[in-house]
file work-v1.pdb (PDB, C-alpha atoms and all ligand atoms)
MODEL        1
ATOM      1  CA  SER A  26     -26.843  22.677 -16.546
ATOM      2  CA  LYS A  27     -26.276  24.958 -13.589
ATOM      3  CA  VAL A  28     -22.886  24.718 -11.935
ATOM      4  CA  PRO A  29     -23.101  25.524  -8.208
ATOM      5  CA  ALA A  30     -20.263  27.086  -6.194
ATOM      6  CA  SER A  31     -18.837  23.634  -5.474
ATOM      7  CA  GLY A  32     -18.081  23.303  -9.173
ATOM      8  CA  ILE A  33     -20.233  20.199  -9.373
ATOM      9  CA  SER A  34     -22.956  20.213 -11.962
ATOM     10  CA  THR A  35     -26.230  19.264 -10.234
ATOM     11  CA  SER A  36     -27.192  17.092 -13.193
ATOM     12  CA  ASP A  37     -24.163  14.930 -12.567
ATOM     13  CA  ILE A  38     -25.187  13.843  -9.088
ATOM     14  CA  GLY A  39     -26.707  10.348  -8.944
ATOM     15  CA  SER A  40     -29.701   9.856  -6.681
ATOM     16  CA  GLU A  41     -27.701   7.610  -4.346
ATOM     17  CA  GLY A  42     -24.843  10.041  -3.935
ATOM     18  CA  PHE A  43     -22.424   8.795  -6.589
ATOM     19  CA  ARG A  44     -21.441  11.654  -8.864
ATOM     20  CA  ILE A  45     -18.905  12.497 -11.472
ATOM     21  CA  ARG A  46     -17.446  15.786 -10.331
ATOM     22  CA  ASN A  47     -16.798  17.335 -13.686
ATOM     23  CA  PRO A  48     -18.988  19.994 -15.344
ATOM     24  CA  ASN A  49     -17.153  19.348 -18.636
ATOM     25  CA  ILE A  50     -18.703  15.914 -18.973
ATOM     26  CA  SER A  51     -22.359  15.437 -19.775
ATOM     27  CA  ARG A  52     -24.542  12.787 -21.366
ATOM     28  CA  ASP A  53     -25.357  15.053 -24.312
ATOM     29  CA  LYS A  54     -21.755  15.644 -25.353
ATOM     30  CA  GLU A  55     -19.585  13.041 -27.006
ATOM     31  CA  ASP A  56     -17.289  11.325 -24.507
ATOM     32  CA  ILE A  57     -14.795   8.736 -25.711
ATOM     33  CA  LEU A  58     -13.640   6.198 -23.146
ATOM     34  CA  TYR A  59     -10.467   5.674 -25.114
ATOM     35  CA  HIS A  60      -8.775   2.956 -23.029
ATOM     36  CA  LEU A  61     -11.970   0.895 -22.927
ATOM     37  CA  ALA A  62     -12.685   1.296 -26.656
ATOM     38  CA  LEU A  63     -16.181   2.574 -25.781
ATOM     39  CA  GLY A  64     -17.989   5.900 -26.156
ATOM     40  CA  ASN A  65     -21.338   7.419 -25.257
ATOM     41  CA  LYS A  66     -22.132   8.233 -28.886
ATOM     42  CA  SER A  67     -20.634   5.145 -30.543
ATOM     43  CA  HIS A  68     -22.331   2.767 -28.084
ATOM     44  CA  ASP A  69     -25.676   2.625 -26.306
ATOM     45  CA  LEU A  70     -24.087   2.559 -22.858
ATOM     46  CA  VAL A  71     -27.455   2.533 -21.039
ATOM     47  CA  GLU A  72     -28.489  -0.541 -23.005
ATOM     48  CA  MET A  73     -25.092  -2.214 -22.580
ATOM     49  CA  PHE A  74     -24.322  -1.367 -18.940
ATOM     50  CA  GLY A  75     -27.474   0.104 -17.341
ATOM     51  CA  ASP A  76     -28.001  -3.019 -15.187
ATOM     52  CA  ILE A  77     -24.512  -3.059 -13.599
ATOM     53  CA  LYS A  78     -24.295  -3.357  -9.811
ATOM     54  CA  PHE A  79     -20.741  -4.657  -9.313
ATOM     55  CA  VAL A  80     -17.478  -3.627 -10.929
ATOM     56  CA  CYS A  81     -14.773  -6.167 -10.126
ATOM     57  CA  LEU A  82     -11.192  -5.245 -10.903
ATOM     58  CA  GLY A  83      -8.102  -7.422 -10.877
ATOM     59  CA  GLY A  84      -4.607  -7.231 -12.320
ATOM     60  CA  THR A  85      -4.591  -9.471 -15.373
ATOM     61  CA  PRO A  86      -6.887 -10.169 -18.347
ATOM     62  CA  HIS A  87      -6.488 -13.912 -17.769
ATOM     63  CA  ARG A  88      -7.641 -13.729 -14.160
ATOM     64  CA  MET A  89     -10.572 -11.469 -14.943
ATOM     65  CA  GLU A  90     -11.790 -13.764 -17.699
ATOM     66  CA  ARG A  91     -11.592 -16.643 -15.221
ATOM     67  CA  PHE A  92     -13.544 -14.554 -12.738
ATOM     68  CA  ALA A  93     -16.195 -13.739 -15.344
ATOM     69  CA  TYR A  94     -16.793 -17.460 -16.008
ATOM     70  CA  PHE A  95     -16.725 -18.189 -12.289
ATOM     71  CA  ILE A  96     -19.339 -15.524 -11.506
ATOM     72  CA  LEU A  97     -21.439 -16.681 -14.449
ATOM     73  CA  HIS A  98     -21.624 -20.072 -12.799
ATOM     74  CA  GLU A  99     -22.139 -18.645  -9.287
ATOM     75  CA  ILE A 100     -25.100 -16.443 -10.164
ATOM     76  CA  GLY A 101     -26.567 -18.986 -12.578
ATOM     77  CA  PHE A 102     -26.370 -16.625 -15.532
ATOM     78  CA  LYS A 103     -27.699 -18.268 -18.678
ATOM     79  CA  MET A 104     -25.820 -17.972 -21.974
ATOM     80  CA  GLN A 105     -26.787 -19.304 -25.366
ATOM     81  CA  PRO A 106     -25.257 -22.783 -25.747
ATOM     82  CA  GLY A 107     -21.967 -22.677 -27.623
ATOM     83  CA  THR A 108     -21.392 -18.971 -26.979
ATOM     84  CA  MET A 109     -18.422 -17.452 -25.181
ATOM     85  CA  LEU A 110     -17.894 -14.315 -23.149
ATOM     86  CA  GLN A 111     -16.431 -11.495 -25.213
ATOM     87  CA  ASP A 112     -13.770  -9.048 -24.099
ATOM     88  CA  ILE A 113     -15.788  -5.861 -24.721
ATOM     89  CA  SER A 114     -12.650  -3.689 -24.678
ATOM     90  CA  ILE A 115     -10.612  -5.967 -26.937
ATOM     91  CA  HIS A 116      -9.988  -3.196 -29.485
ATOM     92  CA  SER A 117      -8.329  -1.000 -26.867
ATOM     93  CA  HIS A 118      -5.486  -3.512 -26.520
ATOM     94  CA  ARG A 119      -5.175  -2.132 -22.970
ATOM     95  CA  TYR A 120      -7.673  -3.495 -20.467
ATOM     96  CA  ALA A 121      -9.875  -6.581 -20.825
ATOM     97  CA  LEU A 122     -13.505  -6.084 -19.814
ATOM     98  CA  PHE A 123     -16.193  -8.751 -19.480
ATOM     99  CA  LYS A 124     -19.834  -8.384 -18.489
ATOM    100  CA  VAL A 125     -21.946 -11.082 -16.860
ATOM    101  CA  GLY A 126     -25.421  -9.824 -15.926
ATOM    102  CA  PRO A 127     -24.967  -7.099 -13.291
ATOM    103  CA  VAL A 128     -21.216  -7.739 -12.950
ATOM    104  CA  ILE A 129     -18.288  -6.188 -14.804
ATOM    105  CA  ALA A 130     -14.955  -8.036 -14.585
ATOM    106  CA  VAL A 131     -12.108  -5.868 -15.791
ATOM    107  CA  SER A 132      -8.306  -6.029 -15.676
ATOM    108  CA  HIS A 133      -6.471  -2.991 -14.264
ATOM    109  CA  GLY A 134      -2.831  -3.707 -15.040
ATOM    110  CA  MET A 135      -0.098  -2.951 -12.516
ATOM    111  CA  GLY A 136       0.202   0.136 -10.369
ATOM    112  CA  MET A 137      -1.747   3.269  -9.568
ATOM    113  CA  PRO A 138      -1.303   5.096 -12.902
ATOM    114  CA  SER A 139      -2.876   2.145 -14.708
ATOM    115  CA  ILE A 140      -5.805   1.643 -12.306
ATOM    116  CA  SER A 141      -6.358   5.403 -12.100
ATOM    117  CA  ILE A 142      -6.912   5.776 -15.874
ATOM    118  CA  LEU A 143      -9.264   2.807 -15.774
ATOM    119  CA  LEU A 144     -11.220   4.192 -12.800
ATOM    120  CA  HIS A 145     -11.815   7.547 -14.493
ATOM    121  CA  GLU A 146     -13.269   5.741 -17.494
ATOM    122  CA  LEU A 147     -15.263   3.173 -15.479
ATOM    123  CA  ILE A 148     -16.802   5.919 -13.347
ATOM    124  CA  LYS A 149     -17.765   7.845 -16.492
ATOM    125  CA  LEU A 150     -19.105   4.587 -17.924
ATOM    126  CA  MET A 151     -21.339   4.166 -14.854
ATOM    127  CA  TYR A 152     -22.507   7.765 -15.246
ATOM    128  CA  HIS A 153     -23.302   7.459 -18.961
ATOM    129  CA  ALA A 154     -25.051   4.132 -18.327
ATOM    130  CA  GLY A 155     -27.222   5.712 -15.634
ATOM    131  CA  VAL A 156     -26.014   3.321 -12.918
ATOM    132  CA  GLN A 157     -26.870   4.767  -9.496
ATOM    133  CA  ASP A 158     -24.766   3.110  -6.822
ATOM    134  CA  PRO A 159     -22.277   0.559  -8.110
ATOM    135  CA  ILE A 160     -19.878  -1.239  -5.764
ATOM    136  CA  PHE A 161     -16.239  -1.599  -6.828
ATOM    137  CA  PHE A 162     -14.020  -4.491  -5.726
ATOM    138  CA  ARG A 163     -10.324  -5.010  -6.281
ATOM    139  CA  MET A 164      -9.347  -8.675  -6.120
ATOM    140  CA  GLY A 165      -5.608  -9.024  -6.173
ATOM    141  CA  THR A 166      -2.312 -10.324  -4.917
ATOM    142  CA  CYS A 167       0.030  -8.854  -2.344
ATOM    143  CA  GLY A 168       2.933  -9.529  -0.009
ATOM    144  CA  GLY A 169       1.975 -10.284   3.603
ATOM    145  CA  LEU A 170       3.594  -9.180   6.854
ATOM    146  CA  GLY A 171       3.811 -12.115   9.233
ATOM    147  CA  LEU A 172       0.917 -13.972   7.619
ATOM    148  CA  GLU A 173       0.827 -17.543   6.342
ATOM    149  CA  PRO A 174       1.174 -17.262   2.524
ATOM    150  CA  GLY A 175      -2.195 -17.829   0.866
ATOM    151  CA  THR A 176      -4.030 -15.760   3.491
ATOM    152  CA  VAL A 177      -6.765 -13.440   2.200
ATOM    153  CA  VAL A 178      -6.600  -9.862   3.478
ATOM    154  CA  VAL A 179      -9.578  -7.481   3.366
ATOM    155  CA  SER A 180      -8.261  -3.926   3.672
ATOM    156  CA  THR A 181      -9.682  -1.661   6.366
ATOM    157  CA  GLU A 182      -7.358   1.190   5.439
ATOM    158  CA  THR A 183      -4.877   1.856   2.722
ATOM    159  CA  LEU A 184      -1.639   3.799   3.256
ATOM    160  CA  ASN A 185       0.933   5.209   0.859
ATOM    161  CA  GLY A 186       4.646   4.389   1.036
ATOM    162  CA  LEU A 187       5.024   7.058   3.729
ATOM    163  CA  LEU A 188       2.360   5.167   5.723
ATOM    164  CA  GLU A 189      -0.207   7.948   5.355
ATOM    165  CA  PRO A 190      -3.782   7.372   4.118
ATOM    166  CA  VAL A 191      -3.305   9.891   1.332
ATOM    167  CA  HIS A 192      -3.143   9.554  -2.444
ATOM    168  CA  ILE A 193      -0.713  12.217  -3.648
ATOM    169  CA  VAL A 194      -1.467  13.402  -7.201
ATOM    170  CA  PRO A 195       0.568  16.132  -8.919
ATOM    171  CA  ILE A 196      -1.962  18.256 -10.862
ATOM    172  CA  LEU A 197      -0.989  21.381 -12.877
ATOM    173  CA  GLY A 198       2.379  21.505 -11.155
ATOM    174  CA  LYS A 199       0.908  21.306  -7.672
ATOM    175  CA  ARG A 200       0.692  18.524  -5.132
ATOM    176  CA  VAL A 201      -2.917  17.504  -4.453
ATOM    177  CA  ASP A 202      -3.575  15.243  -1.454
ATOM    178  CA  ARG A 203      -6.691  13.075  -1.663
ATOM    179  CA  PRO A 204      -7.859  11.121   1.376
ATOM    180  CA  ALA A 205      -7.854   7.380   0.681
ATOM    181  CA  ILE A 206     -10.905   6.078   2.517
ATOM    182  CA  LEU A 207     -12.459   2.641   2.214
ATOM    183  CA  ASN A 208     -16.026   1.873   3.228
ATOM    184  CA  GLN A 209     -15.756   0.185   6.644
ATOM    185  CA  GLU A 210     -19.193  -1.395   6.528
ATOM    186  CA  LEU A 211     -18.477  -3.022   3.173
ATOM    187  CA  ALA A 212     -15.091  -4.286   4.434
ATOM    188  CA  GLN A 213     -16.813  -5.932   7.404
ATOM    189  CA  GLU A 214     -19.493  -7.447   5.177
ATOM    190  CA  VAL A 215     -16.807  -8.900   2.933
ATOM    191  CA  ILE A 216     -14.909 -10.332   5.933
ATOM    192  CA  SER A 217     -18.129 -11.959   7.115
ATOM    193  CA  MET A 218     -18.183 -13.997   3.877
ATOM    194  CA  LYS A 219     -15.643 -16.261   5.591
ATOM    195  CA  ASP A 220     -16.888 -19.846   5.718
ATOM    196  CA  PRO A 221     -15.767 -22.611   8.108
ATOM    197  CA  SER A 222     -15.154 -24.838   5.088
ATOM    198  CA  ASP A 223     -12.521 -22.446   3.644
ATOM    199  CA  ASN A 224      -9.031 -23.958   3.617
ATOM    200  CA  PHE A 225      -7.460 -20.520   4.073
ATOM    201  CA  ALA A 226      -7.557 -17.712   6.609
ATOM    202  CA  ILE A 227      -9.234 -14.339   6.036
ATOM    203  CA  VAL A 228      -8.049 -11.386   8.083
ATOM    204  CA  ASN A 229      -8.492  -7.652   7.948
ATOM    205  CA  GLY A 230      -5.817  -5.027   8.270
ATOM    206  CA  LYS A 231      -4.155  -1.992   6.815
ATOM    207  CA  THR A 232      -2.670  -2.229   3.333
ATOM    208  CA  MET A 233       0.433  -0.359   2.253
ATOM    209  CA  CYS A 234       0.245   0.676  -1.399
ATOM    210  CA  THR A 235       3.441   1.549  -3.253
ATOM    211  CA  ASP A 236       4.535   2.862  -6.642
ATOM    212  CA  ASP A 237       7.101   0.132  -7.102
ATOM    213  CA  PHE A 238       7.459  -3.602  -6.442
ATOM    214  CA  TYR A 239      11.178  -3.591  -5.548
ATOM    215  CA  GLU A 240      12.679  -0.612  -3.700
ATOM    216  CA  GLY A 241       9.201   0.757  -3.013
ATOM    217  CA  GLN A 242       8.307  -2.404  -1.079
ATOM    218  CA  GLY A 243      11.687  -2.704   0.630
ATOM    219  CA  ARG A 244      12.887  -5.627  -1.484
ATOM    220  CA  LEU A 245      16.550  -6.586  -1.499
ATOM    221  CA  ASP A 246      16.343  -8.327  -4.883
ATOM    222  CA  GLY A 247      15.797  -5.511  -7.412
ATOM    223  CA  ALA A 248      18.330  -4.499 -10.091
ATOM    224  CA  PHE A 249      19.759  -2.198  -7.417
ATOM    225  CA  CYS A 250      19.358  -1.827  -3.693
ATOM    226  CA  HIS A 251      20.883   0.900  -1.537
ATOM    227  CA  PHE A 252      19.650  -0.139   1.891
ATOM    228  CA  THR A 253      20.635  -3.011   4.156
ATOM    229  CA  GLU A 254      18.671  -6.062   5.191
ATOM    230  CA  GLU A 255      18.520  -4.536   8.664
ATOM    231  CA  ASP A 256      16.975  -1.306   7.263
ATOM    232  CA  LYS A 257      14.408  -3.407   5.432
ATOM    233  CA  PHE A 258      13.313  -5.360   8.492
ATOM    234  CA  GLN A 259      13.293  -2.290  10.677
ATOM    235  CA  PHE A 260      10.848  -0.630   8.305
ATOM    236  CA  LEU A 261       8.634  -3.661   7.694
ATOM    237  CA  LYS A 262       8.413  -4.428  11.421
ATOM    238  CA  MET A 263       7.552  -0.805  12.179
ATOM    239  CA  ALA A 264       4.830  -0.921   9.483
ATOM    240  CA  LYS A 265       3.493  -4.160  10.955
ATOM    241  CA  GLN A 266       3.370  -2.569  14.397
ATOM    242  CA  LYS A 267       1.262   0.211  12.928
ATOM    243  CA  GLY A 268      -1.224  -2.394  11.731
ATOM    244  CA  VAL A 269      -0.001  -2.995   8.173
ATOM    245  CA  THR A 270      -0.817  -6.572   7.164
ATOM    246  CA  ASN A 271      -0.025  -6.495   3.460
ATOM    247  CA  ILE A 272       1.613  -4.575   0.600
ATOM    248  CA  GLU A 273       0.406  -4.075  -2.954
ATOM    249  CA  MET A 274       0.204  -1.400  -5.662
ATOM    250  CA  GLU A 275      -3.360  -0.210  -6.442
ATOM    251  CA  SER A 276      -5.532   0.011  -3.304
ATOM    252  CA  LEU A 277      -4.662   3.633  -2.467
ATOM    253  CA  ALA A 278      -5.801   5.016  -5.834
ATOM    254  CA  LEU A 279      -8.930   2.847  -5.738
ATOM    255  CA  ALA A 280      -9.833   4.076  -2.241
ATOM    256  CA  ALA A 281      -9.111   7.743  -2.976
ATOM    257  CA  ILE A 282     -10.825   7.877  -6.369
ATOM    258  CA  THR A 283     -13.970   5.969  -5.371
ATOM    259  CA  HIS A 284     -14.249   8.009  -2.161
ATOM    260  CA  HIS A 285     -13.900  11.212  -4.196
ATOM    261  CA  VAL A 286     -16.992  10.377  -6.261
ATOM    262  CA  GLY A 287     -19.010   8.637  -3.537
ATOM    263  CA  ILE A 288     -18.704   5.035  -4.719
ATOM    264  CA  LYS A 289     -18.284   2.207  -2.190
ATOM    265  CA  SER A 290     -15.234   0.037  -2.714
ATOM    266  CA  ALA A 291     -13.361  -2.829  -1.081
ATOM    267  CA  VAL A 292      -9.953  -4.441  -1.543
ATOM    268  CA  VAL A 293      -9.504  -8.207  -1.183
ATOM    269  CA  CYS A 294      -5.998  -9.574  -1.783
ATOM    270  CA  VAL A 295      -4.245 -12.885  -1.263
ATOM    271  CA  THR A 296      -0.697 -12.915   0.128
ATOM    272  CA  LEU A 297       1.782 -14.709  -2.145
ATOM    273  CA  LEU A 298       4.604 -14.683   0.402
ATOM    274  CA  ASP A 299       5.535 -13.470   3.862
ATOM    275  CA  ARG A 300       7.771 -10.432   3.425
ATOM    276  CA  LEU A 301       9.236 -11.034   6.877
ATOM    277  CA  THR A 302      10.816 -14.221   5.529
ATOM    278  CA  GLY A 303      11.763 -13.279   1.951
ATOM    279  CA  ASP A 304      11.309 -11.268  -1.218
ATOM    280  CA  GLN A 305      11.035 -13.773  -4.066
ATOM    281  CA  ILE A 306       7.782 -15.451  -5.039
ATOM    282  CA  ASN A 307       8.745 -19.093  -5.355
ATOM    283  CA  GLN A 308       5.473 -21.019  -5.179
ATOM    284  CA  SER A 309       4.501 -23.295  -8.078
ATOM    285  CA  LYS A 310       2.309 -21.934 -10.853
ATOM    286  CA  LYS A 311      -0.465 -24.263  -9.721
ATOM    287  CA  THR A 312      -0.339 -23.036  -6.121
ATOM    288  CA  LEU A 313      -0.305 -19.392  -7.230
ATOM    289  CA  GLU A 314      -3.354 -19.932  -9.473
ATOM    290  CA  GLU A 315      -5.177 -21.658  -6.662
ATOM    291  CA  TRP A 316      -4.404 -18.865  -4.205
ATOM    292  CA  GLN A 317      -5.437 -16.165  -6.663
ATOM    293  CA  ASP A 318      -8.892 -17.721  -6.848
ATOM    294  CA  ARG A 319      -9.424 -17.067  -3.126
ATOM    295  CA  PRO A 320     -10.286 -13.337  -3.303
ATOM    296  CA  MET A 321     -12.627 -14.181  -6.192
ATOM    297  CA  VAL A 322     -14.402 -16.852  -4.118
ATOM    298  CA  ILE A 323     -14.978 -14.342  -1.312
ATOM    299  CA  VAL A 324     -16.184 -11.550  -3.627
ATOM    300  CA  GLY A 325     -18.292 -14.087  -5.560
ATOM    301  CA  ARG A 326     -19.999 -15.082  -2.313
ATOM    302  CA  TYR A 327     -20.733 -11.452  -1.507
ATOM    303  CA  ILE A 328     -22.242 -10.827  -4.947
ATOM    304  CA  LYS A 329     -24.331 -13.986  -4.829
ATOM    305  CA  LYS A 330     -25.683 -13.135  -1.380
ATOM    306  CA  TYR A 331     -26.379  -9.536  -2.377
ATOM    307  CA  LEU A 332     -28.275 -10.542  -5.522
ATOM    308  CA  LYS A 333     -30.339 -13.068  -3.569
ATOM    309  CA  GLU A 334     -31.373 -10.450  -1.027
ATOM    310  CA  ASN A 335     -32.029  -7.561  -3.433
TER
HETATM  311  C1  LIG A 401       0.117  -6.953  -6.846
HETATM  312  O1  LIG A 401       0.801  -7.654  -7.740
HETATM  313  C2  LIG A 401       1.358  -6.795  -8.729
HETATM  314  C3  LIG A 401       2.850  -6.824  -8.649
HETATM  315  O2  LIG A 401       3.348  -8.105  -8.786
HETATM  316  C4  LIG A 401       0.753  -5.451  -8.461
HETATM  317  O3  LIG A 401      -0.183  -5.084  -9.452
HETATM  318  C5  LIG A 401       0.043  -5.655  -7.205
HETATM  319  O4  LIG A 401      -0.656  -4.690  -6.606
HETATM  320  N1  LIG A 402       2.216  -7.935  -5.290
HETATM  321  C1  LIG A 402       2.928  -6.939  -4.700
HETATM  322  O1  LIG A 402       2.716  -5.760  -5.006
HETATM  323  N2  LIG A 402       3.860  -7.279  -3.795
HETATM  324  C2  LIG A 402       4.134  -8.549  -3.469
HETATM  325  O2  LIG A 402       5.019  -8.795  -2.648
HETATM  326  C3  LIG A 402       3.386  -9.575  -4.090
HETATM  327  C4  LIG A 402       2.437  -9.237  -5.018
ENDMDL
END
call {"tool": "encode", "arguments": {"input": "work-v1.pdb", "output": "structure tokens", "more": "lines below"}}
Ligand code: R2B
Ligand code: URA
result
Amino acid sequence: SKVPASGISTSDIGSEGFRIRNPNISRDKEDILYHLALGNKSHDLVEMFGDIKFVCLGGTPHRMERFAYFILHEIGFKMQPGTMLQDISIHSHRYALFKVGPVIAVSHGMGMPSISILLHELIKLMYHAGVQDPIFFRMGTCGGLGLEPGTVVVSTETLNGLLEPVHIVPILGKRVDRPAILNQELAQEVISMKDPSDNFAIVNGKTMCTDDFYEGQGRLDGAFCHFTEEDKFQFLKMAKQKGVTNIEMESLALAAITHHVGIKSAVVCVTLLDRLTGDQINQSKKTLEEWQDRPMVIVGRYIKKYLKEN
């Protein structure tokens, strides 16, 4: 197909604006989605995934399987009695991917390198499957700044560890800066899923996204630490003043990559602790499980409402 000056093959532009921006990839040529254990020649991706509307990402296989069963129940999806959901990417031994009707539930692992590999392959999957305008959600955990632990945060912006809304990617020995931009309308729609019966708060705010859990998030409890407690609080309080409500490790890559290809995305995370009072996560396993369901409840509500109205 013709490649215009922009370098984007016209055939790769979806009717709703989502596009893969790579003239090297086309539906006719074999493309192996290695980390998903899928391929456009080995699998009928249109048949398997052509009806997808939502791609829901979260850190762990366990949580995403739970989410898949939860959403199955929420949208009243019917399965043959006695059957179970299958991890479609089981042979990759990397990510776990489940499909329930128009919803993909997939684990992304920890950190931006892991979610970035997955996003490349999911976006190509959407392209090969002929999906026009999917919506991507990250449902995760985070540390809060001055929030009651268990609070759900919907990100309005995502900032790197230098507090800039930029995903820095070294490519061919050069630094490439990609703007990390989340869809504001979607963020507001997700916030509006709040229900008076919820036993937790939902707030919006800026999310700081780091490449590390310990030093990168100003923790004093890593294997080493070369700053003082005072330095830590000075930084975290400054970040809070700039509107940062929470800290995690994937939102920046999600925002930058989805923005780059014209896909809407949102980030919904539950705070496991207040970083202004400590660094260690010391809640019981039961409490942590319960809290981690909260972002899923909110996203589940959004999906249910969307499917009812469309
Ligand atoms: C939240 O939790 C993980 C670290 O514990 C990381 O994946 C993140 O963003
Ligand atoms: N995930 C993070 O990245 N940071 C926290 O403090 C908690 C969960």
call {"tool": "closest_residue", "arguments": {"input": "work-v1.pdb", "among": "A:Gly165, A:Pro48, A:Gly247, A:Gly64", "to": "A:Asp318", "atoms": "all atoms listed in the file"}}
result
A:Gly165
call {"tool": "residues_near_ligand", "arguments": {"input": "work-v1.pdb", "ligand": "ligand LIG 402 (chain A)", "cutoff": "6 Å", "atoms": "all atoms listed in the file", "output": "ChimeraX atom specification"}}
result
/A:166-168,238,272-274,297
call {"tool": "residues_near_ligand", "arguments": {"input": "work-v1.pdb", "ligand": "ligand LIG 401 (chain A)", "cutoff": "10 Å", "atoms": "all atoms listed in the file", "output": "short mmCIF file (atom, residue, chain, number, x, y, z; two decimals) with C-alpha atoms, in the frame of the given file"}}
result
data_model
loop_
_atom_site.label_atom_id
_atom_site.label_comp_id
_atom_site.auth_asym_id
_atom_site.auth_seq_id
_atom_site.Cartn_x
_atom_site.Cartn_y
_atom_site.Cartn_z
CA GLY A 83 -8.10 -7.42 -10.88
CA GLY A 84 -4.61 -7.23 -12.32
CA THR A 85 -4.59 -9.47 -15.37
CA HIS A 133 -6.47 -2.99 -14.26
CA GLY A 134 -2.83 -3.71 -15.04
CA MET A 135 -0.10 -2.95 -12.52
CA GLY A 136 0.20 0.14 -10.37
CA MET A 137 -1.75 3.27 -9.57
CA SER A 139 -2.88 2.14 -14.71
CA ILE A 140 -5.80 1.64 -12.31
CA ARG A 163 -10.32 -5.01 -6.28
CA MET A 164 -9.35 -8.68 -6.12
CA GLY A 165 -5.61 -9.02 -6.17
CA THR A 166 -2.31 -10.32 -4.92
CA CYS A 167 0.03 -8.85 -2.34
CA GLY A 168 2.93 -9.53 -0.01
CA MET A 233 0.43 -0.36 2.25
CA CYS A 234 0.24 0.68 -1.40
CA THR A 235 3.44 1.55 -3.25
CA ASP A 236 4.54 2.86 -6.64
CA ASP A 237 7.10 0.13 -7.10
CA PHE A 238 7.46 -3.60 -6.44
CA TYR A 239 11.18 -3.59 -5.55
CA ILE A 272 1.61 -4.58 0.60
CA GLU A 273 0.41 -4.08 -2.95
CA MET A 274 0.20 -1.40 -5.66
CA GLU A 275 -3.36 -0.21 -6.44
CA SER A 276 -5.53 0.01 -3.30
CA CYS A 294 -6.00 -9.57 -1.78
CA VAL A 295 -4.24 -12.88 -1.26
CA THR A 296 -0.70 -12.92 0.13
CA LEU A 297 1.78 -14.71 -2.14
CA ILE A 306 7.78 -15.45 -5.04
#
call {"tool": "closest_residue", "arguments": {"input": "work-v1.pdb", "among": "A:Cys250, A:Asn49, A:Leu150, A:Glu214", "to": "A:Met73", "atoms": "only C-alpha atoms"}}
result
A:Leu150
call {"tool": "resolve_selection", "arguments": {"input": "work-v1.pdb", "expression": "the PyMOL selection byres (((chain A and resi 45) around 8) and not hetatm)", "output": "PyMOL selection string"}}
result
chain A and resi 37-38+43-44+46-47+148-149+152+286
call {"tool": "resolve_selection", "arguments": {"input": "work-v1.pdb", "expression": "the PyMOL selection byres (((chain A and resi 71) around 7) and not hetatm)", "output": "PyMOL selection string"}}
result
chain A and resi 69-70+72-75+153-155
call {"tool": "resolve_selection", "arguments": {"input": "work-v1.pdb", "expression": "the PyMOL selection byres (((chain A and resi 118) around 12) and not hetatm)", "output": "PyMOL selection string"}}
result
chain A and resi 59-62+86+112-117+119-122+132+134
call {"tool": "write_last_selection", "arguments": {"input": "work-v1.pdb", "atoms": "C-alpha atoms", "output": "PDB file, in the frame of the given file"}}
result
ATOM      1  CA  TYR A  59     -10.467   5.674 -25.114  1.00  0.00           C
ATOM      2  CA  HIS A  60      -8.775   2.956 -23.029  1.00  0.00           C
ATOM      3  CA  LEU A  61     -11.970   0.895 -22.927  1.00  0.00           C
ATOM      4  CA  ALA A  62     -12.685   1.296 -26.656  1.00  0.00           C
ATOM      5  CA  PRO A  86      -6.887 -10.169 -18.347  1.00  0.00           C
ATOM      6  CA  ASP A 112     -13.770  -9.048 -24.099  1.00  0.00           C
ATOM      7  CA  ILE A 113     -15.788  -5.861 -24.721  1.00  0.00           C
ATOM      8  CA  SER A 114     -12.650  -3.689 -24.678  1.00  0.00           C
ATOM      9  CA  ILE A 115     -10.612  -5.967 -26.937  1.00  0.00           C
ATOM     10  CA  HIS A 116      -9.988  -3.196 -29.485  1.00  0.00           C
ATOM     11  CA  SER A 117      -8.329  -1.000 -26.867  1.00  0.00           C
ATOM     12  CA  ARG A 119      -5.175  -2.132 -22.970  1.00  0.00           C
ATOM     13  CA  TYR A 120      -7.673  -3.495 -20.467  1.00  0.00           C
ATOM     14  CA  ALA A 121      -9.875  -6.581 -20.825  1.00  0.00           C
ATOM     15  CA  LEU A 122     -13.505  -6.084 -19.814  1.00  0.00           C
ATOM     16  CA  SER A 132      -8.306  -6.029 -15.676  1.00  0.00           C
ATOM     17  CA  GLY A 134      -2.831  -3.707 -15.040  1.00  0.00           C
TER      18      GLY A 134
END
call {"tool": "closest_residue", "arguments": {"input": "work-v1.pdb", "among": "A:His192, A:His98, A:His285, A:Lys124", "to": "A:Arg326", "atoms": "only C-alpha atoms"}}
result
A:His98
call {"tool": "closest_residue", "arguments": {"input": "work-v1.pdb", "among": "A:Lys257, A:Arg52, A:Lys78, A:Arg88", "to": "A:Met321", "atoms": "only C-alpha atoms"}}
result
A:Arg88
call {"tool": "atom_distance", "arguments": {"input": "work-v1.pdb", "atom1": "atom CA of A:Phe102", "atom2": "atom CA of A:Phe123"}}
result
13.5 Å
call {"tool": "atom_distance", "arguments": {"input": "work-v1.pdb", "atom1": "atom CA of A:Asn185", "atom2": "atom CA of A:Ile142"}}
result
18.5 Å
call {"tool": "closest_residue", "arguments": {"input": "work-v1.pdb", "among": "A:Pro127, A:Pro195, A:Gly303, A:Gly287", "to": "A:Leu245", "atoms": "all atoms listed in the file"}}
result
A:Gly303
call {"tool": "atom_distance", "arguments": {"input": "work-v1.pdb", "atom1": "atom CA of A:Ser67", "atom2": "atom CA of A:His145"}}
result
18.5 Å
call {"tool": "axis_aligned_box", "arguments": {"input": "work-v1.pdb", "around": "stretch 270-289 of chain A", "padding_each_side": "6 Å", "output": "AutoDock Vina command-line options"}}
result
--center_x -8.7 --center_y 2.3 --center_z 0.4 --size_x 32.6 --size_y 29.8 --size_z 25.6
